[in-house]
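Source file: work.txt; contents: compact mmCIF, C-alpha atoms and all ligand atoms.
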```txt
# COMPACT_ATOMS: atom_id res chain seq x y z
CA MET A 120 0.00 0.00 0.00
CA THR A 121 1.28 3.46 -0.88
CA LYS A 122 1.93 5.70 2.12
CA ILE A 123 2.09 9.49 2.22
CA ASP A 124 5.86 9.41 2.61
CA ASP A 125 6.19 7.30 -0.56
CA LEU A 126 4.86 10.28 -2.49
CA PRO A 127 6.99 13.19 -3.68
CA ILE A 128 5.54 15.55 -1.03
CA ARG A 129 7.35 18.61 0.32
CA ASP A 130 10.07 17.73 2.84
CA GLU A 131 8.57 19.82 5.63
CA LEU A 132 5.32 17.81 5.45
CA ARG A 133 7.00 14.42 5.83
CA GLY A 134 6.04 12.50 8.96
CA LYS A 135 3.49 15.13 10.04
CA SER A 136 -0.12 14.43 10.99
CA PRO A 137 -3.16 16.51 10.05
CA TYR A 138 -4.97 18.81 12.51
CA GLY A 139 -7.86 17.23 14.32
CA ALA A 140 -9.38 16.78 17.75
CA PRO A 141 -10.34 13.17 18.35
CA GLN A 142 -14.11 13.03 17.81
CA LEU A 143 -15.72 10.30 19.88
CA ASP A 144 -19.33 9.26 20.03
CA VAL A 145 -20.15 10.09 23.66
CA PRO A 146 -23.24 11.72 25.23
CA VAL A 147 -21.57 15.04 26.12
CA ARG A 148 -18.98 16.53 23.75
CA LEU A 149 -17.31 19.65 25.09
CA ASN A 150 -14.05 19.44 23.18
CA THR A 151 -14.14 21.72 20.11
CA ASN A 152 -15.42 25.08 21.41
CA GLU A 153 -18.57 24.81 19.32
CA ASN A 154 -21.67 26.71 20.31
CA PRO A 155 -24.07 24.10 21.80
CA TYR A 156 -27.18 25.88 20.58
CA PRO A 157 -28.52 25.00 17.13
CA LEU A 158 -29.57 28.01 15.06
CA PRO A 159 -33.06 29.25 16.01
CA GLU A 160 -35.82 27.98 13.71
CA PRO A 161 -36.76 31.41 12.23
CA LEU A 162 -33.13 31.79 11.14
CA VAL A 163 -33.09 28.28 9.67
CA LEU A 164 -36.13 29.22 7.58
CA ARG A 165 -34.56 32.53 6.54
CA ILE A 166 -31.43 30.66 5.43
CA ALA A 167 -33.62 28.35 3.33
CA GLU A 168 -35.23 31.40 1.73
CA ARG A 169 -31.98 33.17 0.93
CA VAL A 170 -30.31 29.98 -0.29
CA THR A 171 -33.32 29.26 -2.54
CA GLU A 172 -32.84 32.69 -4.07
CA ALA A 173 -29.14 32.04 -4.54
CA ALA A 174 -29.84 28.60 -6.05
CA ARG A 175 -31.80 30.20 -8.87
CA GLN A 176 -28.56 31.82 -9.99
CA LEU A 177 -26.09 29.03 -9.33
CA ASN A 178 -25.32 28.88 -13.05
CA ARG A 179 -23.47 32.17 -12.44
CA TYR A 180 -20.29 32.70 -10.42
CA PRO A 181 -20.82 34.34 -7.00
CA ASP A 182 -20.09 37.99 -6.29
CA ARG A 183 -16.31 37.70 -6.32
CA ASP A 184 -15.90 40.60 -3.91
CA ALA A 185 -18.83 39.63 -1.63
CA VAL A 186 -19.79 43.29 -1.39
CA GLU A 187 -23.19 42.86 0.30
CA LEU A 188 -21.76 40.47 2.87
CA ARG A 189 -18.75 42.67 3.63
CA THR A 190 -21.10 45.64 4.03
CA GLU A 191 -23.19 43.75 6.61
CA LEU A 192 -20.09 42.45 8.42
CA ALA A 193 -18.79 46.03 8.59
CA ARG A 194 -22.13 47.13 10.02
CA TYR A 195 -21.95 44.36 12.66
CA LEU A 196 -18.38 45.28 13.64
CA THR A 197 -19.23 48.96 13.82
CA ARG A 198 -22.18 48.17 16.08
CA THR A 199 -20.37 45.75 18.41
CA GLY A 200 -16.65 46.43 18.06
CA GLY A 201 -16.46 50.01 19.31
CA HIS A 202 -14.99 51.32 16.06
CA GLU A 203 -16.46 52.36 12.74
CA VAL A 204 -15.32 50.24 9.79
CA THR A 205 -16.44 50.26 6.18
CA LYS A 206 -16.78 47.37 3.73
CA ASP A 207 -13.46 48.40 2.19
CA GLN A 208 -11.81 47.50 5.51
CA VAL A 209 -13.48 44.08 5.75
CA TRP A 210 -12.63 40.86 3.94
CA ALA A 211 -14.35 37.46 4.23
CA ALA A 212 -13.32 33.89 3.47
CA ASN A 213 -14.20 30.25 4.23
CA GLY A 214 -13.55 30.32 7.96
CA SER A 215 -11.00 32.50 9.69
CA ASN A 216 -8.53 29.71 8.96
CA GLU A 217 -8.73 30.70 5.30
CA VAL A 218 -8.40 34.36 6.26
CA ILE A 219 -5.20 33.45 8.12
CA GLN A 220 -3.98 31.39 5.18
CA GLN A 221 -4.54 34.29 2.79
CA LEU A 222 -2.71 36.65 5.17
CA LEU A 223 0.28 34.30 5.38
CA GLN A 224 0.29 33.79 1.61
CA THR A 225 0.34 37.56 1.19
CA PHE A 226 2.66 38.65 3.99
CA ALA A 227 4.78 35.57 4.75
CA GLY A 228 5.59 32.35 2.83
CA PRO A 229 8.96 30.81 1.91
CA GLY A 230 11.94 32.70 3.33
CA ARG A 231 9.74 34.57 5.82
CA THR A 232 8.69 33.82 9.40
CA ALA A 233 5.72 34.12 11.76
CA ILE A 234 5.73 34.14 15.56
CA GLY A 235 3.03 33.13 18.06
CA PHE A 236 3.08 32.94 21.85
CA GLU A 237 2.45 29.38 22.98
CA PRO A 238 0.42 27.60 24.14
CA SER A 239 -1.91 29.14 21.59
CA TYR A 240 -4.08 28.17 18.63
CA SER A 241 -2.13 25.39 16.90
CA MET A 242 -3.47 26.31 13.46
CA HIS A 243 -1.33 29.44 13.41
CA ALA A 244 1.75 27.21 13.30
CA LEU A 245 0.14 24.64 10.99
CA ILE A 246 -1.04 27.17 8.40
CA SER A 247 2.40 28.76 8.58
CA ARG A 248 3.92 25.40 7.72
CA GLY A 249 1.38 24.87 4.94
CA THR A 250 2.32 28.19 3.37
CA GLY A 251 6.07 27.54 3.67
CA THR A 252 6.41 30.13 6.44
CA GLY A 253 9.01 29.50 9.15
CA TRP A 254 7.40 29.22 12.61
CA ILE A 255 8.81 30.79 15.76
CA SER A 256 7.40 29.74 19.13
CA GLY A 257 7.34 32.74 21.47
CA PRO A 258 7.06 32.68 25.29
CA ARG A 259 4.23 33.17 27.78
CA ASN A 260 4.20 33.76 31.53
CA GLU A 261 3.31 30.92 33.87
CA ASP A 262 -0.20 32.41 34.27
CA PHE A 263 -0.54 32.22 30.45
CA THR A 264 -0.51 35.99 29.90
CA ILE A 265 1.97 37.15 27.26
CA ASP A 266 5.38 37.90 28.77
CA VAL A 267 5.66 41.35 27.16
CA GLU A 268 9.35 41.87 27.85
CA ALA A 269 10.31 38.43 26.52
CA ALA A 270 7.94 38.78 23.55
CA VAL A 271 9.38 42.17 22.58
CA ALA A 272 12.90 40.74 22.89
CA ALA A 273 11.98 37.72 20.73
CA ILE A 274 10.49 40.00 18.07
CA ALA A 275 13.56 42.26 18.10
CA GLU A 276 15.87 39.28 17.77
CA GLN A 277 13.93 37.15 15.27
CA ARG A 278 12.42 39.96 13.17
CA PRO A 279 9.28 38.00 12.17
CA ASP A 280 7.21 39.07 9.17
CA VAL A 281 3.94 38.17 10.91
CA VAL A 282 3.04 38.28 14.62
CA PHE A 283 0.01 36.34 15.90
CA ILE A 284 -1.77 37.53 19.03
CA CYS A 285 -4.73 35.35 20.01
CA SER A 286 -7.18 37.23 22.26
CA PRO A 287 -8.96 35.64 24.01
CA ASN A 288 -6.30 32.97 23.66
CA ASN A 289 -7.15 29.40 22.76
CA PRO A 290 -6.68 27.08 24.73
CA THR A 291 -6.10 29.17 27.87
CA GLY A 292 -9.00 31.68 27.60
CA THR A 293 -6.65 34.57 28.39
CA ALA A 294 -7.55 38.02 27.05
CA VAL A 295 -4.71 40.30 25.91
CA GLU A 296 -4.56 43.91 27.06
CA ALA A 297 -4.49 46.69 24.48
CA GLY A 298 -1.17 47.87 25.94
CA THR A 299 0.40 44.49 25.23
CA VAL A 300 -0.79 44.57 21.62
CA LEU A 301 0.64 48.06 21.19
CA ALA A 302 4.00 47.08 22.68
CA LEU A 303 4.25 44.07 20.35
CA TYR A 304 3.08 46.11 17.37
CA GLU A 305 5.70 48.79 17.98
CA ALA A 306 8.40 46.15 18.48
CA ALA A 307 7.42 44.37 15.25
CA GLN A 308 7.46 47.63 13.25
CA ALA A 309 10.80 48.68 14.75
CA ALA A 310 12.40 45.28 14.08
CA ARG A 311 11.55 45.50 10.39
CA ALA A 312 11.71 49.27 9.99
CA ASP A 313 13.95 48.83 6.94
CA ASP A 314 11.27 46.69 5.29
CA ARG A 315 7.91 48.45 5.79
CA GLY A 316 7.34 46.79 9.17
CA ALA A 317 5.59 43.51 9.97
CA LEU A 318 1.97 42.35 9.98
CA VAL A 319 0.35 41.86 13.40
CA VAL A 320 -2.73 39.63 13.43
CA ILE A 321 -5.10 39.69 16.41
CA ASP A 322 -7.14 36.48 16.29
CA GLU A 323 -10.42 37.44 17.97
CA ALA A 324 -12.29 34.21 17.22
CA TYR A 325 -13.77 34.39 20.75
CA GLY A 326 -14.09 38.18 20.91
CA GLU A 327 -17.83 38.18 21.57
CA PHE A 328 -17.38 36.09 24.73
CA SER A 329 -14.89 38.45 26.35
CA HIS A 330 -15.41 40.58 29.46
CA ARG A 331 -13.42 43.24 27.63
CA PRO A 332 -14.17 45.33 24.57
CA SER A 333 -12.84 44.26 21.19
CA LEU A 334 -9.31 45.29 20.21
CA LEU A 335 -10.74 46.45 16.87
CA PRO A 336 -10.26 50.21 17.56
CA LEU A 337 -6.49 49.61 17.52
CA ILE A 338 -6.53 49.23 13.71
CA GLU A 339 -7.02 53.01 13.44
CA GLY A 340 -3.81 54.54 12.10
CA ARG A 341 -2.02 51.15 12.14
CA PRO A 342 -2.01 49.79 8.59
CA ASN A 343 -0.10 46.65 9.63
CA LEU A 344 -2.66 45.59 12.25
CA VAL A 345 -5.38 43.06 11.39
CA VAL A 346 -8.26 41.75 13.53
CA SER A 347 -9.63 38.37 12.44
CA ARG A 348 -13.07 37.10 13.45
CA THR A 349 -15.32 34.13 12.75
CA MET A 350 -18.98 33.12 12.68
CA SER A 351 -17.97 29.64 13.92
CA LYS A 352 -18.21 30.35 17.65
CA ALA A 353 -20.41 33.27 18.77
CA PHE A 354 -22.75 32.95 15.78
CA GLY A 355 -23.11 29.20 16.33
CA ALA A 356 -22.34 28.58 12.68
CA ALA A 357 -19.20 26.42 12.63
CA GLY A 358 -20.70 24.43 9.76
CA LEU A 359 -21.07 27.54 7.62
CA ARG A 360 -17.32 28.24 7.29
CA LEU A 361 -17.28 32.00 7.41
CA GLY A 362 -14.43 34.05 8.80
CA TYR A 363 -13.55 37.68 8.22
CA LEU A 364 -11.00 40.35 8.98
CA ALA A 365 -10.98 44.07 9.60
CA ALA A 366 -7.93 46.16 8.77
CA ASP A 367 -6.72 49.06 6.70
CA ALA A 368 -8.32 48.94 3.23
CA ALA A 369 -4.85 48.35 1.75
CA VAL A 370 -4.65 44.98 3.57
CA VAL A 371 -7.98 44.00 1.99
CA ASP A 372 -6.59 44.96 -1.43
CA ALA A 373 -3.43 42.98 -0.71
CA VAL A 374 -5.11 39.65 0.18
CA GLN A 375 -6.97 39.82 -3.12
CA LEU A 376 -3.62 39.16 -4.79
CA VAL A 377 -3.70 35.58 -3.45
CA ARG A 378 -7.37 34.67 -2.96
CA LEU A 379 -8.77 32.17 -5.41
CA PRO A 380 -11.28 33.69 -7.82
CA TYR A 381 -14.84 33.22 -6.51
CA HIS A 382 -13.55 31.64 -3.30
CA LEU A 383 -16.74 32.37 -1.35
CA SER A 384 -19.73 30.49 -2.80
CA SER A 385 -23.10 32.20 -3.34
CA VAL A 386 -24.62 29.67 -0.91
CA THR A 387 -22.12 30.67 1.79
CA GLN A 388 -22.71 34.37 1.18
CA ALA A 389 -26.51 33.92 1.30
CA THR A 390 -26.33 31.87 4.53
CA ALA A 391 -24.02 34.33 6.26
CA LEU A 392 -26.25 37.25 5.27
CA ALA A 393 -29.27 35.45 6.76
CA ALA A 394 -27.35 34.84 10.01
CA LEU A 395 -26.40 38.52 10.21
CA GLU A 396 -30.10 39.43 10.05
CA HIS A 397 -30.49 37.50 13.34
CA THR A 398 -27.50 38.91 15.18
CA ASP A 399 -29.50 40.04 18.22
CA THR A 400 -30.95 36.58 18.87
CA LEU A 401 -27.56 34.93 18.40
CA LEU A 402 -25.88 37.36 20.78
CA LYS A 403 -28.45 36.43 23.45
CA TYR A 404 -27.12 32.86 23.31
CA VAL A 405 -23.64 34.34 23.76
CA GLU A 406 -24.80 36.00 27.00
CA GLN A 407 -26.13 32.64 28.28
CA LEU A 408 -22.85 30.97 27.40
CA LYS A 409 -20.87 33.65 29.22
CA THR A 410 -22.96 33.03 32.34
CA GLU A 411 -22.37 29.28 32.02
CA ARG A 412 -18.64 29.85 31.41
CA ASP A 413 -18.43 31.89 34.62
CA ARG A 414 -20.35 29.15 36.47
CA LEU A 415 -17.86 26.53 35.23
CA VAL A 416 -14.99 28.67 36.53
CA ASP A 417 -16.64 29.13 39.94
CA GLU A 418 -17.67 25.52 40.42
CA LEU A 419 -14.34 24.07 39.29
CA ARG A 420 -12.55 26.39 41.72
CA ALA A 421 -14.96 25.35 44.50
CA MET A 422 -13.92 21.74 43.84
CA GLY A 423 -10.30 22.74 44.36
CA CYS A 424 -9.25 22.83 40.71
CA GLU A 425 -6.93 25.50 39.34
CA VAL A 426 -8.74 27.49 36.66
CA VAL A 427 -7.33 30.09 34.28
CA ALA A 428 -9.53 33.22 34.13
CA SER A 429 -11.49 32.88 30.90
CA ASP A 430 -12.72 35.44 28.39
CA ALA A 431 -13.83 32.75 25.93
CA ASN A 432 -16.53 30.06 25.68
CA PHE A 433 -14.18 27.50 27.22
CA VAL A 434 -12.21 27.05 30.41
CA GLN A 435 -8.73 25.66 31.00
CA PHE A 436 -8.57 23.75 34.27
CA GLY A 437 -6.08 21.62 36.19
CA LEU A 438 -3.67 21.01 37.65
CA PHE A 439 -3.36 17.28 37.11
CA ASP A 440 -0.29 15.09 37.57
CA ASP A 441 -1.38 13.21 34.48
CA ALA A 442 -3.75 15.29 32.33
CA GLN A 443 -4.13 12.48 29.80
CA ALA A 444 -5.29 10.03 32.51
CA THR A 445 -7.74 12.62 33.89
CA TRP A 446 -9.02 13.25 30.34
CA GLN A 447 -9.67 9.50 30.05
CA ALA A 448 -11.33 9.31 33.48
CA ILE A 449 -13.71 12.17 32.57
CA LEU A 450 -14.40 10.43 29.28
CA ASP A 451 -15.24 7.23 31.20
CA HIS A 452 -18.03 9.29 32.81
CA GLY A 453 -19.40 10.09 29.35
CA VAL A 454 -17.93 13.57 28.88
CA LEU A 455 -15.39 14.45 26.19
CA VAL A 456 -13.09 17.39 26.93
CA ARG A 457 -9.85 18.41 25.21
CA ASP A 458 -6.26 17.66 26.08
CA ASN A 459 -4.37 20.36 24.16
CA GLY A 460 -1.04 19.03 25.31
CA VAL A 461 -0.51 21.81 27.87
CA PRO A 462 1.14 19.83 30.70
CA GLY A 463 -1.25 19.45 33.66
CA TRP A 464 -4.20 21.21 32.03
CA LEU A 465 -7.41 20.28 30.21
CA ARG A 466 -9.90 22.45 28.35
CA VAL A 467 -13.68 22.26 28.53
CA THR A 468 -16.08 24.10 26.22
CA ALA A 469 -19.10 25.76 27.84
CA GLY A 470 -22.14 23.77 26.72
CA THR A 471 -25.80 23.89 27.66
CA PRO A 472 -26.56 24.04 31.42
CA ALA A 473 -27.37 20.31 31.37
CA GLU A 474 -24.11 19.44 29.57
CA ASN A 475 -22.14 21.57 32.01
CA ASP A 476 -23.85 19.85 34.96
CA ALA A 477 -22.87 16.47 33.48
CA PHE A 478 -19.29 17.70 33.10
CA LEU A 479 -19.11 19.07 36.65
CA ASP A 480 -20.56 15.82 38.04
CA ALA A 481 -17.96 13.88 36.08
CA VAL A 482 -15.07 15.96 37.42
CA ARG A 483 -16.42 15.70 40.96
CA ALA A 484 -16.55 11.91 40.61
CA VAL A 485 -13.06 11.74 39.11
CA LEU A 486 -11.56 13.87 41.88
CA LYS A 487 -13.22 11.65 44.50
CA GLU A 488 -11.90 8.47 42.82
CA SER A 489 -8.38 9.87 42.68
CA LYS A 490 -8.42 10.67 46.41
CA ARG A 491 -9.37 7.14 47.32
C1 LIG B 1 -12.04 28.16 16.35
C2 LIG B 1 -10.96 29.14 16.09
C3 LIG B 1 -10.91 29.79 14.87
C4 LIG B 1 -12.02 29.56 13.91
O1 LIG B 1 -11.67 29.06 12.73
P1 LIG B 1 -12.77 29.00 11.60
O2 LIG B 1 -11.95 28.62 10.44
O3 LIG B 1 -13.36 30.37 11.47
O4 LIG B 1 -13.79 28.00 12.01
C5 LIG B 1 -9.93 30.74 14.65
N1 LIG B 1 -9.04 31.04 15.61
C6 LIG B 1 -9.08 30.45 16.81
C7 LIG B 1 -8.14 30.86 17.86
C8 LIG B 1 -10.03 29.47 17.07
O5 LIG B 1 -10.04 28.84 18.23
```
Please express the file's structure as structure tokens.
Ligand SMILES: *Cc1c(COP(=O)(O)O)cnc(C)c1O
Amino acid sequence: MTKIDDLPIRDELRGKSPYGAPQLDVPVRLNTNENPYPLPEPLVLRIAERVTEAARQLNRYPDRDAVELRTELARYLTRTGGHEVTKDQVWAANGSNEVIQQLLQTFAGPGRTAIGFEPSYSMHALISRGTGTGWISGPRNEDFTIDVEAAVAAIAEQRPDVVFICSPNNPTGTAVEAGTVLALYEAAQAARADDRGALVVIDEAYGEFSHRPSLLPLIEGRPNLVVSRTMSKAFGAAGLRLGYLAADAAVVDAVQLVRLPYHLSSVTQATALAALEHTDTLLKYVEQLKTERDRLVDELRAMGCEVVASDANFVQFGLFDDAQATWQAILDHGVLVRDNGVPGWLRVTAGTPAENDAFLDAVRAVLKESKR
């Protein structure tokens, strides 16, 4: 049988495995940061309506520039992000992973590097590899905040072309302060002052769940700063595949140099537009999830667990001598959480109140068993 490594693939892909959380068929799955609430029925019907309309014109290519969708995304950001943006400052693609890929294709690639501060979202490193971009793993403090001094030093020394700042950070839930972003931005521009600076990408996939306002206003007057967002989490539409960015209009022009023609299907555009009509309802679910997230933090702490303060729809908890064994023990009680490979820690996604109760019961039982 032919194996991957028998094929003439790129050297840097040899022996690597694809991204993927193990998906197991258990009653309670709290491992992929999905929104537990299905889309409300009126929205489902509106999607059917808009997709029907789009289907009548599927013989034609979609709007290549997704102007209507970018206009509505700009309106949403302006309303919720604390900063006015126009459609010219917004770009959309198939998930924020594709947004990140397009950014790396445009601003990084072979001979260039990107830095992230780990533990963080592993796709930043994986998409870097996929685009031939060298990856630099930057430091964090023990409490999982970014070690600003060390980060600035790493940027000055390594002179990366792209800097990733994930806020709130996955898998730790840690929000990043505006001052930290500004310090890293300045350092990145100074390090590459001879070369028009460096791109700084704030990944705000969980922005809507944060206690703090969006970092979006920071793009003002900073043409090398990008905020990326997604409809996969807060909008409860992971299956839709719709991510977007806000930045200087020049960044939007630049990514169009690498995007595939007609990359965003008419069906995707129609579905996303329908979802944006129901923003208020969807954001009410976000409020419920924030309450549940805070309850998870409180109850885990009451059980004696260590919990990292969370601004996302998930919680990192520990500290376990053997996180993998604890992951398995929780799974044996019918609840799937995530082991992100951060030593001693596990991550649980906030689900429905009933799912969270099942999770908390499972942890309680596991802690009791381990004391015996
Ligand atoms: C889930 C997640 C995304 C979302 O990716 P999509 O491609 O939009 O589904 C992006 N960034 C981070 C940090 C995430 O956790």
Residues of chain A within 6 Å of ligand LIG 1 (chain B): nearest atom pair and distance (Å, one decimal) for each, counting only C-alpha atoms and all ligand atoms, sorted by chain and number, as a tab-separated table?
```
residue	atom	partner	partner_atom	distance
A:Gly214	CA	B:LIG1	O2	3.4
A:Ser215	CA	B:LIG1	O3	3.6
A:Asn216	CA	B:LIG1	O2	3.9
A:Tyr240	CA	B:LIG1	C7	4.9
A:Asn289	CA	B:LIG1	C7	5.2
A:Asp322	CA	B:LIG1	N1	5.8
A:Ala324	CA	B:LIG1	N1	4.8
A:Thr349	CA	B:LIG1	O3	4.4
A:Ser351	CA	B:LIG1	O4	4.9
A:Ala357	CA	B:LIG1	O4	5.7
A:Arg360	CA	B:LIG1	O4	5.9
A:Leu361	CA	B:LIG1	O3	5.9
A:Gly362	CA	B:LIG1	O3	4.7
```
Tell me, as a list in words, which residues lie within 8 Å of region 473-485 of chain A, counting only C-alpha atoms; anything in the same chain fewer than 6 positions away does not count.
->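 Non-adjacent residues within range: Val147, Glu411, Leu415, Glu418, Leu419, Met422, Thr445, Ala448, Ile449, His452, Gly453 and Val454 of chain A.
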Could you check how far CA of Glu153 (chain A) sits from CA of Gly355 (chain A), in Å to one decimal?
-> 7.0 Å
Enter the distance from CA of Thr252 (chain A) to CA of Tyr381 (chain A), in Å, rounded to one decimal.
->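 Computing the Euclidean distance for CA of Thr252 (chain A) and CA of Tyr381 (chain A) yields 25.1 Å.
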Using all atoms listed in the file, which residues sit within 7 Å of His202 (chain A) once same-chain residues fewer than 3 positions away are excluded, as a PyMOL selection string?
-> chain A and resi 197+335-336
Best match for closeness to Arg129 (chain A) among A:Gly251, A:Gln435, A:Ala173, A:Thr264, counting all atoms listed in the file |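 Among the listed residues, A:Gly251 lies closest to Arg129 (chain A).
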Need the neighbours of (-26.1, 37.3, 5.1): which residues are at most 9 Å away, counting only C-alpha atoms, as a PyMOL selection string?
-> chain A and resi 166+169+187-188+191-192+387-396
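Comparing the minimum interatomic distances between Gly437 (chain A) and each of A:Tyr195, A:Phe283, A:Trp464, A:Tyr404, counting all atoms listed in the file, we find that A:Trp464 sits nearest.
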